[in-house]
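Source file: structure_39.txt. Holds: compact mmCIF, C-alpha atoms.
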```txt
# COMPACT_ATOMS: atom_id res chain seq x y z
CA MET A 1 70.40 -116.29 100.63
CA ARG A 2 72.63 -115.57 97.68
CA ILE A 3 76.28 -114.96 98.33
CA GLN A 4 78.14 -112.87 95.81
CA SER A 5 81.89 -112.80 95.58
CA LYS A 6 83.77 -109.62 94.93
CA LYS A 7 86.04 -109.57 91.95
CA VAL A 8 89.65 -109.15 92.95
CA LYS A 9 91.62 -106.76 90.79
CA ASN A 10 94.59 -109.02 90.32
CA LYS A 11 95.79 -110.08 86.87
CA LYS A 12 97.52 -113.16 88.25
CA TYR A 13 94.27 -114.56 89.69
CA ASP A 14 92.29 -113.47 86.64
CA ASP A 15 94.63 -115.51 84.43
CA LEU A 16 94.33 -118.54 86.72
CA PHE A 17 90.53 -118.26 86.64
CA LYS A 18 90.49 -118.10 82.84
CA LEU A 19 92.81 -121.12 82.64
CA SER A 20 90.61 -123.05 85.08
CA LEU A 21 87.48 -122.18 83.09
CA LYS A 22 89.18 -123.25 79.86
CA ASP A 23 90.13 -126.62 81.37
CA GLU A 24 86.60 -127.08 82.68
CA LEU A 25 85.12 -126.45 79.24
CA GLN A 26 87.56 -128.85 77.62
CA ASP A 27 86.97 -131.67 80.11
CA PHE A 28 83.19 -131.50 80.53
CA THR A 29 82.82 -134.94 78.89
CA ASP A 30 84.70 -136.39 81.85
CA SER A 31 82.22 -134.94 84.32
CA ASP A 32 79.81 -137.16 86.26
CA PRO A 33 76.63 -135.90 84.52
CA TRP A 34 78.13 -136.61 81.12
CA ARG A 35 79.33 -140.01 82.33
CA VAL A 36 75.78 -140.86 83.39
CA LEU A 37 74.55 -140.07 79.88
CA ARG A 38 77.26 -142.26 78.39
CA ILE A 39 76.27 -145.13 80.71
CA GLN A 40 72.63 -144.64 79.80
CA SER A 41 73.50 -144.74 76.11
CA GLU A 42 75.38 -148.03 76.50
CA ILE A 43 72.47 -149.59 78.38
CA VAL A 44 69.88 -148.49 75.82
CA GLU A 45 72.02 -149.64 72.90
CA GLY A 46 72.67 -153.01 74.56
CA PHE A 47 69.01 -153.61 75.42
CA ASP A 48 67.93 -152.63 71.93
CA ALA A 49 70.36 -154.99 70.20
CA LEU A 50 70.21 -158.02 72.48
CA SER A 51 66.46 -158.07 73.03
CA LYS A 52 66.15 -159.41 69.48
CA VAL A 53 68.66 -162.28 69.53
CA GLY A 54 66.67 -164.97 71.35
CA PRO A 55 67.76 -167.33 74.17
CA ALA A 56 71.52 -167.20 74.63
CA VAL A 57 74.34 -168.81 76.57
CA SER A 58 77.35 -166.84 77.75
CA VAL A 59 80.76 -168.46 77.31
CA PHE A 60 83.56 -167.06 79.47
CA GLY A 61 87.27 -167.72 79.80
CA SER A 62 90.74 -166.32 79.34
CA ALA A 63 91.69 -164.11 76.41
CA ARG A 64 95.16 -165.67 76.67
CA THR A 65 94.08 -169.23 75.82
CA LYS A 66 95.83 -170.45 72.67
CA GLU A 67 94.12 -172.16 69.74
CA ASN A 68 95.93 -175.45 70.42
CA SER A 69 94.77 -175.53 74.06
CA GLN A 70 92.41 -178.27 75.21
CA TYR A 71 90.19 -175.56 76.65
CA TYR A 72 89.99 -173.66 73.37
CA LYS A 73 88.97 -176.86 71.59
CA ALA A 74 86.44 -177.70 74.31
CA ALA A 75 84.92 -174.21 74.24
CA ARG A 76 84.58 -174.36 70.48
CA GLU A 77 82.93 -177.79 70.63
CA THR A 78 80.60 -176.80 73.46
CA ALA A 79 79.49 -173.68 71.63
CA ARG A 80 78.84 -175.74 68.52
CA PHE A 81 76.59 -178.14 70.49
CA LEU A 82 74.65 -175.24 71.94
CA SER A 83 74.31 -173.50 68.61
CA GLU A 84 73.10 -176.67 66.88
CA ASN A 85 70.30 -176.76 69.43
CA GLY A 86 69.12 -173.26 68.63
CA LEU A 87 70.90 -171.24 71.30
CA VAL A 88 72.76 -168.00 70.65
CA ILE A 89 76.33 -167.73 71.92
CA ILE A 90 77.44 -164.58 73.72
CA THR A 91 81.09 -163.98 74.55
CA GLY A 92 83.28 -161.07 75.50
CA GLY A 93 84.17 -160.74 71.84
CA GLY A 94 87.93 -161.00 72.22
CA PRO A 95 90.57 -163.69 71.57
CA GLY A 96 91.16 -166.97 73.40
CA ILE A 97 88.12 -168.70 74.87
CA MET A 98 85.91 -165.88 73.61
CA GLU A 99 87.04 -166.52 70.06
CA ALA A 100 86.52 -170.26 70.54
CA GLY A 101 82.92 -169.68 71.64
CA ASN A 102 82.09 -167.46 68.68
CA ARG A 103 83.91 -169.83 66.36
CA GLY A 104 81.94 -172.84 67.58
CA ALA A 105 78.70 -171.04 66.80
CA ALA A 106 80.06 -170.20 63.34
CA ASP A 107 80.90 -173.89 62.79
CA ALA A 108 77.22 -174.71 63.33
CA GLY A 109 75.98 -171.80 61.25
CA GLY A 110 74.45 -170.25 64.36
CA LEU A 111 74.28 -166.75 65.72
CA SER A 112 76.91 -165.40 68.06
CA VAL A 113 77.47 -162.03 69.66
CA GLY A 114 80.55 -160.34 71.09
CA LEU A 115 80.28 -157.86 73.94
CA ASN A 116 83.61 -156.13 73.59
CA ILE A 117 85.17 -154.02 76.32
CA LYS A 118 87.57 -151.18 75.57
CA LEU A 119 90.92 -152.09 77.13
CA PRO A 120 94.49 -150.94 76.53
CA VAL A 121 95.72 -154.53 75.99
CA GLU A 122 94.48 -158.01 75.04
CA GLN A 123 90.98 -157.07 73.91
CA LYS A 124 91.04 -157.40 70.15
CA SER A 125 87.75 -158.27 68.50
CA ASN A 126 87.69 -161.77 66.97
CA LYS A 127 86.40 -162.38 63.44
CA TYR A 128 83.78 -165.03 64.27
CA GLN A 129 81.07 -162.77 65.71
CA ASN A 130 77.92 -162.08 63.73
CA PHE A 131 77.76 -158.71 65.40
CA SER A 132 79.45 -157.00 68.30
CA LEU A 133 78.78 -154.24 70.77
CA ASP A 134 81.50 -152.08 72.31
CA PHE A 135 81.36 -151.12 75.97
CA ARG A 136 83.33 -148.67 78.03
CA TYR A 137 81.95 -149.82 81.40
CA PHE A 138 82.43 -153.32 82.79
CA PHE A 139 79.29 -153.23 84.89
CA VAL A 140 77.07 -152.37 81.90
CA ARG A 141 78.64 -155.19 79.93
CA LYS A 142 78.08 -157.66 82.78
CA MET A 143 74.46 -156.55 82.98
CA MET A 144 74.01 -157.61 79.35
CA PHE A 145 75.51 -161.03 79.99
CA VAL A 146 73.16 -161.65 82.89
CA LYS A 147 70.00 -160.20 81.39
CA TYR A 148 70.15 -162.05 78.07
CA SER A 149 71.60 -165.43 79.09
CA ILE A 150 69.82 -168.59 80.17
CA GLY A 151 73.09 -170.16 81.28
CA TYR A 152 76.82 -169.62 81.78
CA ILE A 153 79.66 -171.92 80.76
CA ILE A 154 82.93 -170.79 82.25
CA PHE A 155 86.32 -172.04 81.12
CA PRO A 156 89.64 -171.38 82.90
CA GLY A 157 90.56 -167.73 83.11
CA GLY A 158 91.96 -164.93 85.21
CA PHE A 159 90.57 -162.09 87.29
CA GLY A 160 87.99 -161.08 84.70
CA THR A 161 86.65 -164.63 84.44
CA PHE A 162 86.41 -164.93 88.23
CA ASP A 163 84.67 -161.56 88.37
CA GLU A 164 82.01 -162.77 85.94
CA LEU A 165 81.68 -166.11 87.73
CA PHE A 166 81.16 -164.71 91.21
CA GLU A 167 78.89 -161.96 89.95
CA ALA A 168 76.58 -164.67 88.57
CA ILE A 169 76.84 -166.79 91.72
CA THR A 170 76.09 -163.82 93.99
CA LEU A 171 73.08 -162.68 91.97
CA THR A 172 71.74 -166.24 91.94
CA GLN A 173 72.44 -166.85 95.63
CA THR A 174 70.60 -163.67 96.61
CA ASP A 175 67.70 -164.32 94.20
CA LYS A 176 68.36 -161.10 92.31
CA ILE A 177 68.04 -163.05 89.08
CA LYS A 178 66.30 -166.24 88.04
CA HIS A 179 68.46 -169.26 88.78
CA PHE A 180 70.19 -170.47 85.63
CA PRO A 181 72.86 -173.15 85.16
CA ILE A 182 76.42 -172.08 85.90
CA VAL A 183 78.78 -174.68 84.46
CA LEU A 184 82.52 -174.73 85.12
CA TYR A 185 84.60 -176.60 82.58
CA GLY A 186 87.75 -178.36 83.78
CA TRP A 187 88.19 -180.18 87.09
CA ASP A 188 91.96 -179.67 86.94
CA TYR A 189 91.44 -175.92 87.03
CA TRP A 190 88.31 -175.41 89.12
CA GLY A 191 88.70 -178.32 91.57
CA SER A 192 91.08 -176.45 93.87
CA MET A 193 88.68 -173.50 94.00
CA ILE A 194 85.83 -175.78 95.06
CA ASN A 195 88.09 -177.29 97.74
CA TYR A 196 88.81 -173.78 99.02
CA LEU A 197 85.11 -172.96 99.14
CA LYS A 198 84.47 -176.11 101.16
CA GLU A 199 87.47 -175.92 103.47
CA SER A 200 87.43 -172.18 104.15
CA MET A 201 84.08 -170.58 103.29
CA LEU A 202 81.77 -173.46 104.17
CA LYS A 203 83.62 -174.54 107.32
CA GLY A 204 83.85 -170.92 108.40
CA GLY A 205 80.10 -170.50 108.06
CA TYR A 206 80.37 -167.87 105.32
CA ILE A 207 78.31 -169.88 102.83
CA PHE A 208 75.77 -172.69 103.12
CA GLU A 209 76.00 -176.22 101.74
CA GLU A 210 73.34 -175.45 99.13
CA ASP A 211 75.40 -172.52 97.84
CA LEU A 212 77.92 -175.01 96.48
CA GLU A 213 75.14 -176.51 94.36
CA LEU A 214 74.87 -173.29 92.36
CA VAL A 215 77.72 -174.48 90.13
CA THR A 216 78.42 -177.72 88.27
CA ILE A 217 81.85 -178.89 87.09
CA THR A 218 82.47 -181.12 84.10
CA ASP A 219 85.23 -182.24 81.77
CA ASP A 220 82.88 -183.12 78.93
CA SER A 221 81.77 -180.68 76.23
CA SER A 222 78.48 -182.41 75.45
CA GLU A 223 77.62 -182.63 79.16
CA ALA A 224 78.38 -178.93 79.62
CA ALA A 225 76.05 -178.11 76.73
CA ASN A 226 73.34 -180.54 77.78
CA ILE A 227 73.15 -179.12 81.31
CA ILE A 228 72.07 -175.85 79.72
CA ILE A 229 69.88 -177.49 77.08
CA TYR A 230 67.97 -179.74 79.51
CA LYS A 231 67.20 -176.77 81.74
CA ALA A 232 65.98 -174.78 78.74
CA GLN A 233 63.73 -177.70 77.77
CA GLU A 234 62.28 -177.88 81.29
CA GLN A 235 61.46 -174.20 81.08
CA GLY A 236 59.89 -174.53 77.63
CA ILE A 237 62.55 -172.36 76.02
CA LEU A 238 63.69 -175.20 73.73
CA PRO A 239 61.83 -178.18 72.26
CA ALA A 240 62.54 -181.61 73.77
CA THR A 241 65.59 -182.60 71.72
CA THR A 242 69.14 -183.33 72.82
CA CYS A 243 72.55 -182.97 71.29
CA GLU A 244 74.61 -186.02 70.46
```
If you convert what's in this file into structure tokens, what do you get?
Amino acid sequence: MRIQSKKVKNKKYDDLFKLSLKDELQDFTDSDPWRVLRIQSEIVEGFDALSKVGPAVSVFGSARTKENSQYYKAARETARFLSENGLVIITGGGPGIMEAGNRGAADAGGLSVGLNIKLPVEQKSNKYQNFSLDFRYFFVRKMMFVKYSIGYIIFPGGFGTFDELFEAITLTQTDKIKHFPIVLYGWDYWGSMINYLKESMLKGGYIFEEDLELVTITDDSSEAANIIIYKAQEQGILPATTCE
């Protein structure tokens, strides 16, 4: 049954209707259907670009980490080890640890990618990427990290770093993705989090003992790299060589 409305002869309401229609026409790109198309475009562009780069390792950490930080230096060195062994480095494309990861790959003459996110602050593209992709949506960006990585190395960071860490742990725990190494760099930073997981989550029955084995912590750059490399060798992704 079709319901038809009667037009009210009232100039005030006519003007409001015209204004509403004008706003609707101006803001159609903010509508849900248009947003879906934008999301689809980001996914297609990401798949098209990253499907060609080869096996990669994602390096995460704070955008606020300074160049003279021990973690910046460690991220740069770790990325260099990985790149020397034929692995592509993927970062969030910004400053701090992300810059260190891309820079380490550049030191080795390897390939590195930046998956940049559009933010009002902090996210400024670093100069060490071979190429970068820009994303509007966090969840699309995280999809790219997961889909095209054979391992994660995660340095100290804030909410964004924790978001990426627990996304990977959850997907691995629930077998939504193939299990890949998740390496946390820095006992001083991550140790208290592991204690919390043991004392609160594990004791409370919210996770199992084996869930804690989904992550490995180290304070050594070569060990962090080799955890990823050895796994890649076991899977036949890399030839049987090691970094020194």
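Proximity ranking of A:Ser83, A:Asn126, A:Thr216, A:Asn116 relative to Val140 (chain A) places A:Asn116 first, based on all atoms listed in the file.
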Atom pair CA of Tyr128 (chain A) + CA of Leu87 (chain A), distance 15.9 Å
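CA of Asp163 (chain A) to CA of Met143 (chain A) spans 12.6 Å [interatomic distance, one decimal].
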Please write out, as lines of an AutoDock Vina configuration file, where the centre of an axis-aligned box around all listed atoms of region 112-121 of chain A lies and how long its edges are, in Å to one decimal, after adding 8 Å on each side.
```
center_x = 86.3
center_y = -158.2
center_z = 72.6
size_x = 34.8
size_y = 30.5
size_z = 25.1
```
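Among the candidates A:Met98, A:Ala224, A:Ile90, A:Leu202, the one nearest to Thr65 (chain A) when counting all atoms listed in the file is A:Met98.
Taking CA of Thr170 (chain A) as the reference point, CA of Asp188 (chain A) is found at 23.5 Å.
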Can you tell me, as a PDB file with C-alpha atoms, keeping the file's coordinate frame, what residues are no more than 8 Å from Gln173 (chain A) when counting all atoms listed in the file, ignoring any on the same chain fewer than 4 positions away?
```
ATOM      1  CA  ILE A 169      76.840-166.790  91.720  1.00  0.00           C
ATOM      2  CA  ASP A 211      75.400-172.520  97.840  1.00  0.00           C
ATOM      3  CA  LEU A 214      74.870-173.290  92.360  1.00  0.00           C
TER       4      LEU A 214
END
```
Find the spatial neighbours of Glu42 (chain A), counting all atoms listed in the file, within a cut-off of 9 Å - ignore same-chain residues fewer than 5 positions away - and output them as a PyMOL selection string.
chain A and resi 37+47+134-137+140-141
Please produce a file of the residues just selected, as a short mmCIF file (atom, residue, chain, number, x, y, z; two decimals), in the coordinates of the input, where the atoms kept are C-alpha atoms.
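To be explicit, this is the file written out as selection01.cif:
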```cif
data_model
loop_
_atom_site.label_atom_id
_atom_site.label_comp_id
_atom_site.auth_asym_id
_atom_site.auth_seq_id
_atom_site.Cartn_x
_atom_site.Cartn_y
_atom_site.Cartn_z
CA LEU A 37 74.55 -140.07 79.88
CA PHE A 47 69.01 -153.61 75.42
CA ASP A 134 81.50 -152.08 72.31
CA PHE A 135 81.36 -151.12 75.97
CA ARG A 136 83.33 -148.67 78.03
CA TYR A 137 81.95 -149.82 81.40
CA VAL A 140 77.07 -152.37 81.90
CA ARG A 141 78.64 -155.19 79.93
#
```
So that I can see what lies close to Leu165 (chain A), please list as a PyMOL selection string the residues with an atom at most 12 Å from it, counting all atoms listed in the file and leaving out residues fewer than 6 positions away in the same chain.
chain A and resi 58-61+142+145-146+151-159+171-172+181-184+190+193+214-215
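The nearest approach to Tyr71 (chain A) among the residues A:Ile39, A:Ile97, A:Val113, A:Ala49, with all atoms listed in the file taken into account, belongs to A:Ile97.
Residues lying within 9 Å of Lys73 (chain A), counting only C-alpha atoms and ignoring same-chain neighbours fewer than 5 positions away, are A:Glu67, A:Asn68, A:Thr78, A:Ile97, A:Ala100.
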Same residues, C-alpha atoms, saved as a CSV table (one decimal), keeping the file's coordinate frame:
```csv
chain,number,residue,atom,x,y,z
A,67,GLU,CA,94.1,-172.2,69.7
A,68,ASN,CA,95.9,-175.4,70.4
A,78,THR,CA,80.6,-176.8,73.5
A,97,ILE,CA,88.1,-168.7,74.9
A,100,ALA,CA,86.5,-170.3,70.5
```
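Take the candidates A:Ile217, A:Val57, A:Ala75, A:Leu50 and check each one against Ser132 (chain A) using all atoms listed in the file; the shortest distance goes to A:Leu50.
For Gly54 (chain A), the residues within 10 Å (counting only C-alpha atoms, excluding itself and residues fewer than 2 positions away along the chain) are A:Leu50, A:Ser51, A:Lys52, A:Ala56, A:Gly86, A:Leu87, A:Val88, A:Leu111, A:Tyr148, A:Ser149, A:Ile237.
Of the listed residues A:Ala168, A:Val44, A:Met201, A:Ala105, the one whose atoms come nearest to Asn130 (chain A) is A:Ala105, with distances taken using all atoms listed in the file.
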